[in-house]
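Some notes on the structure that comes next.
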Amino acid sequence: MSTSFDVVVVGAGPGGMAAATVAAEAGRRVCLLDDNAAPGGQIWRGFRVETARKYLHGRGSLDWTARFERAGCAIWAGWRAIDQPAPGFLRLERDGEMWDVGFGRLILATGARERFLPFPGWTLPGVMGAGGLQALVKGGLDPQGKRVALAGSGPLLLAVAAGLQSAGARIVGIYEQAPLVRLAGFGLTLLGQPGKLAEGARYRLKTRHAAYKTGCWVVQAEGRGRVEQVTVTDGCKLWKLDCDWLACGFHLVPNLELPRLLGCRIVKGYVAVDRLQQSSAPGVACVGELTGIGGLEKALVEGQIAGWAAAGREAEARALTPKRQRLQRFALRMDRAFALRPELRTLARAETVVCRCEDVAQSALEGCAGWREARLHTRCGMGACQGRVCGAAAEFLFGWESSGTRPPVFPATVSTLAAEADAPQTARR
Amino acid sequence: MSEGFSITVNGKLVRVAEGTTVAAAVMMANEPCRFSVRGEARGPLCGMGICMECRVTVNGVAHQRSCQLICTPEMAVVTG
């Protein structure tokens with residue numbers, strides 16, 4: 001019950017697509033797998049050739065998607081990597097079906113998720129991530145006429161607001177927690193990259209009728225059974241806004257579960273890689289948001305480097321090094337620009353839920369010494385999301401570092417877990 | 001573009017375009033996806049298969065992550 005490829009790429013966003021394309025063009029047998037129903041990742045989610053040119057986030061996708069389709073990789077959509085049953089193999093699950101895939105080289109491009117922070121009312125239906133709402137709209141949710149407030153941090157807020165506005169939503173306000181002076185400094189560092197400045201300007205022009213306030217953050221969401229009103233502050237005064245949806249995410253954190261399981265060394269929250277994107281785990285490369293939150297361009301460059309390297313074409317990979325370094329510096333500057341203000345640690349009240357899966361309140365966590373104690377005593381992080389949401393929050397709120405990862409890295413069916421016993425035979429095939 | 005089709009969410013008919021995720025359909029039906037261990041109504045949060053808040057029962061199969069599942073004609077979705 002296994003299939004082997006020269007190169008397996010996990011994550012079919014731009015980074016993974018670039019890696020798979022380049023390796024396949026160089027003659028390698030490549031498998032690209034993703035837990036979503038189709039390739040594209042978040043930024044190119046649901047891309048269609050006929051709409052890609054019109055859609056704000058679709059720019060640039062056409063060249064890559066056409067090239068990707070010509071390259072002839074095997075595309076395994078809807079599969080989740082849950083374990084490494086033996087070195088050189090990943091165990092996958094889809095709809096209760098299990099399969100092992102073998103690889104000579106592995107490229108991880110698992111991307112990032114939003115950081116969510118608890119505040120009173122954040123569990124109400126209608127309060128979503130900014131990227132989350134964008135993904136839902138790309139997945140067919142109709143935002144026509146909806147009043148949407150956006151809050152949190154990061155360049156995604158403005159991009160999502162522009163996309164929602166194009167799709168017919170009414171933006172009631174955009175609230176960025178980072179102070180203007182820090183954002184202005186960041187903007188100055190972009191003068192050498194007019195493309196990024198132009199992109200920001202385009203989003204702002206699109207949303208010009210809505211307030212974009214820096215140094216402001218959401219303190220509360222209220223409503224009967226769903227969000228109806230949010231309270232925002234600039235640190236001095238408070239004001240209320242009526243809305244149908246609140247899109248709220250505090251920048252991004254990388255999806256480190258799989259790299260951790262495979263033993264990749266993590267430094268300061270990201271996978272440590274060399275100039276060819278190789279991690280400390282033999283044969284495992286990591287690209288894109290895993291090595292620093294830098295967005296589309298960085299993911300494409302790093303994906304190509306890892307793809308060339310996996311195909312043994314180091315000269316082509318090294319030719320991209322200067323670009324890669326420039327984009328990595330950009331990622332570091334972005335992390336600093338959108339660093340979270342300490343006031344955000346005080347939003348949750350005693351009764352505010354921090355762990356949504358197990359309904360663990362802030363007050364239950366305050367006495368805990370660390371993540372392990374919190375898990376054992378309160379079940380924080382022990383639910384279905386396995387700490388993917390509350391882990392990043394607890395790291396910011398309490399300074400707790402996530403302790404290792406154990407398989408399965410995603411919830412799996414009992415039949416898959418039972419098959420663990422067959423692992424060696426399956427994998428030795 | 002296709003004309004779309006209907007699915008049911010807790011028995012309510014919802015018209016969806018081809019390619020629509022089940023999570024989007026549940027939101028358009030104005031239904032929460034699940035109730036938490038303390039009984040709070042919850043809807044989709046991350047939209048990308050991370051948070052598990054959008055779990056629903058689809059055609060009798062429980063715990064389906066609705067944000068990563070595409071609607072098919074006559075699909076029966078039950079939340080809660």
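Residue numbering restarts at 1 in every chain; chains get A, B, ... in the order shown in the structure tokens, and ligands count up from 1 in that same order.
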Excluding same-chain residues fewer than 2 positions from Gly383 (chain A), what lies within 7 Å of it counting only C-alpha atoms, as number ranges by chain?
A: 357-358, 381, 385-386
Taking only C-alpha atoms into account and nothing else, which residues of chain A lie no more than 7 Å away from chain B? Please answer as a ChimeraX atom specification.
/A:36-37,123-129,132-133,135-136,139-141,225,357-359,384-385,388-389
Keeping only N, CA and C atoms, write the selected residues to a file as a compact mmCIF listing (two decimals), in the first residue's frame.
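Heads up, here's the output in result29.txt:
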```txt
# COMPACT_ATOMS: atom_id res chain seq x y z
N ASN A 36 -6.04 20.11 0.74
CA ASN A 36 -7.21 20.75 0.12
C ASN A 36 -7.63 20.00 -1.14
N ALA A 37 -8.80 20.35 -1.63
CA ALA A 37 -9.37 19.62 -2.77
C ALA A 37 -8.66 19.92 -4.08
N THR A 123 -15.15 33.85 20.24
CA THR A 123 -15.65 32.54 19.83
C THR A 123 -17.04 32.63 19.17
N LEU A 124 -17.61 33.84 19.09
CA LEU A 124 -18.93 33.98 18.46
C LEU A 124 -18.87 33.62 16.97
N PRO A 125 -19.88 32.91 16.46
CA PRO A 125 -19.94 32.72 15.01
C PRO A 125 -19.94 34.08 14.31
N GLY A 126 -19.22 34.17 13.20
CA GLY A 126 -19.11 35.45 12.50
C GLY A 126 -17.79 36.15 12.79
N VAL A 127 -17.09 35.69 13.85
CA VAL A 127 -15.73 36.18 14.09
C VAL A 127 -14.80 35.15 13.47
N MET A 128 -14.04 35.59 12.48
CA MET A 128 -13.17 34.66 11.75
C MET A 128 -11.80 35.28 11.57
N GLY A 129 -10.89 34.49 11.07
CA GLY A 129 -9.61 35.04 10.68
C GLY A 129 -9.80 35.93 9.45
N GLY A 132 -8.97 33.66 6.95
CA GLY A 132 -10.05 32.68 7.03
C GLY A 132 -11.27 33.12 6.24
N LEU A 133 -11.66 34.38 6.43
CA LEU A 133 -12.82 34.89 5.69
C LEU A 133 -12.51 34.93 4.19
N ALA A 135 -10.54 32.95 2.59
CA ALA A 135 -10.60 31.57 2.08
C ALA A 135 -12.06 31.14 1.90
N LEU A 136 -12.92 31.52 2.84
CA LEU A 136 -14.34 31.14 2.74
C LEU A 136 -14.99 31.81 1.54
N GLY A 139 -14.05 30.22 -1.38
CA GLY A 139 -14.76 28.95 -1.40
C GLY A 139 -16.26 29.09 -1.63
N GLY A 140 -16.69 30.27 -2.08
CA GLY A 140 -18.09 30.40 -2.51
C GLY A 140 -19.00 31.17 -1.56
N LEU A 141 -18.49 31.59 -0.38
CA LEU A 141 -19.33 32.37 0.53
C LEU A 141 -19.59 33.75 -0.10
N GLY A 225 -25.88 35.09 19.80
CA GLY A 225 -25.67 33.89 18.98
C GLY A 225 -24.72 34.10 17.83
N CYS A 357 -11.20 24.28 21.55
CA CYS A 357 -11.60 22.87 21.42
C CYS A 357 -12.09 22.32 22.75
N GLU A 358 -11.42 22.70 23.83
CA GLU A 358 -11.76 22.14 25.14
C GLU A 358 -12.40 23.18 26.06
N ASP A 359 -12.69 24.36 25.56
CA ASP A 359 -13.30 25.43 26.35
C ASP A 359 -12.54 25.70 27.65
N ALA A 384 -9.30 18.81 19.25
CA ALA A 384 -9.21 18.40 17.85
C ALA A 384 -8.15 19.17 17.06
N CYS A 385 -7.90 20.42 17.39
CA CYS A 385 -6.91 21.18 16.61
C CYS A 385 -5.50 20.93 17.11
N ARG A 388 -3.19 23.94 17.64
CA ARG A 388 -2.78 24.81 16.52
C ARG A 388 -3.25 26.24 16.72
N VAL A 389 -4.40 26.42 17.38
CA VAL A 389 -4.92 27.77 17.60
C VAL A 389 -4.41 28.32 18.94
```
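With only C-alpha atoms as the atoms that count, the residue of A:Asp6, A:Glu316, A:Asp244, A:Glu373 with the shortest distance to Ile107 (chain A) is A:Asp6.
For the pair CA of His377 (chain A) and CA of Ala364 (chain A), the separation is 8.8 Å.
Taking CA of Arg67 (chain A) and CA of Thr321 (chain A) as endpoints, the distance between them is 22.1 Å.
With distances restricted to only C-alpha atoms, A:Gly154 is the closest residue to Phe186 (chain A) from A:Gly163, A:Pro322, A:Gly27, A:Gly154.
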Identify, on the basis of only C-alpha atoms, every residue whose closest approach to Gly223 (chain A) does not exceed 9 Å; exclude the query and any residue fewer than 6 positions from it along the same chain; express the result as a compact mmCIF listing (two decimals) with N, CA and C atoms, in the first residue's frame.
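Dumped everything to around_15.txt:
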```txt
# COMPACT_ATOMS: atom_id res chain seq x y z
N GLY A 121 -15.68 37.44 23.39
CA GLY A 121 -16.53 37.35 22.20
C GLY A 121 -15.87 36.76 20.97
N LEU A 124 -17.61 33.84 19.09
CA LEU A 124 -18.93 33.98 18.46
C LEU A 124 -18.87 33.62 16.97
N GLN A 229 -21.72 43.36 17.01
CA GLN A 229 -21.05 44.63 17.31
C GLN A 229 -19.65 44.34 17.85
N VAL A 230 -18.70 45.19 17.47
CA VAL A 230 -17.36 45.04 18.04
C VAL A 230 -16.93 46.37 18.67
```
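Take the candidates A:Glu222, A:Glu351, A:Asp234, A:Glu228 and check each one against Pro179 (chain A) using only C-alpha atoms; the shortest distance goes to A:Asp234.
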DSSP on the backbone: which residues in region 126-315 of chain A end up as alpha helix (DSSP H)? Give the answer as number ranges by chain.
A: 130-138, 156-166, 180-189, 194-206, 257-261, 296-310, 314-315
List the spatial neighbours of region 266-269 of chain A as JSON, numbers by chain - criterion: any atom at most 9 Å away, only C-alpha atoms, same-chain residues fewer than 2 positions off excluded.
{"A": [253, 254, 256, 259, 260, 263, 264, 271, 272, 290, 291, 292]}
DSSP on the backbone: which residues in chain B end up as strand (DSSP E or B)? Give the answer as a list in words.
Phe5, Ser6, Ile7, Thr8, Val9, Lys12, Leu13, Val14, Arg15, Val16, Thr21, Arg34, Phe35, Ala41, Arg42, Arg55, Val56, Thr57, Val58, Val61, Ala62, His63, Gln64, Arg65, Ile70, Ala76, Val77 and Val78 of chain B
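The smallest atom-to-atom distance between Asp95 (chain A) and any of B:Lys12, B:Val78, B:Arg65, B:Phe35, using only C-alpha atoms, is found for B:Arg65.
In this structure, CA of Lys323 (chain A) sits 17.3 Å away from CA of Gly60 (chain A).
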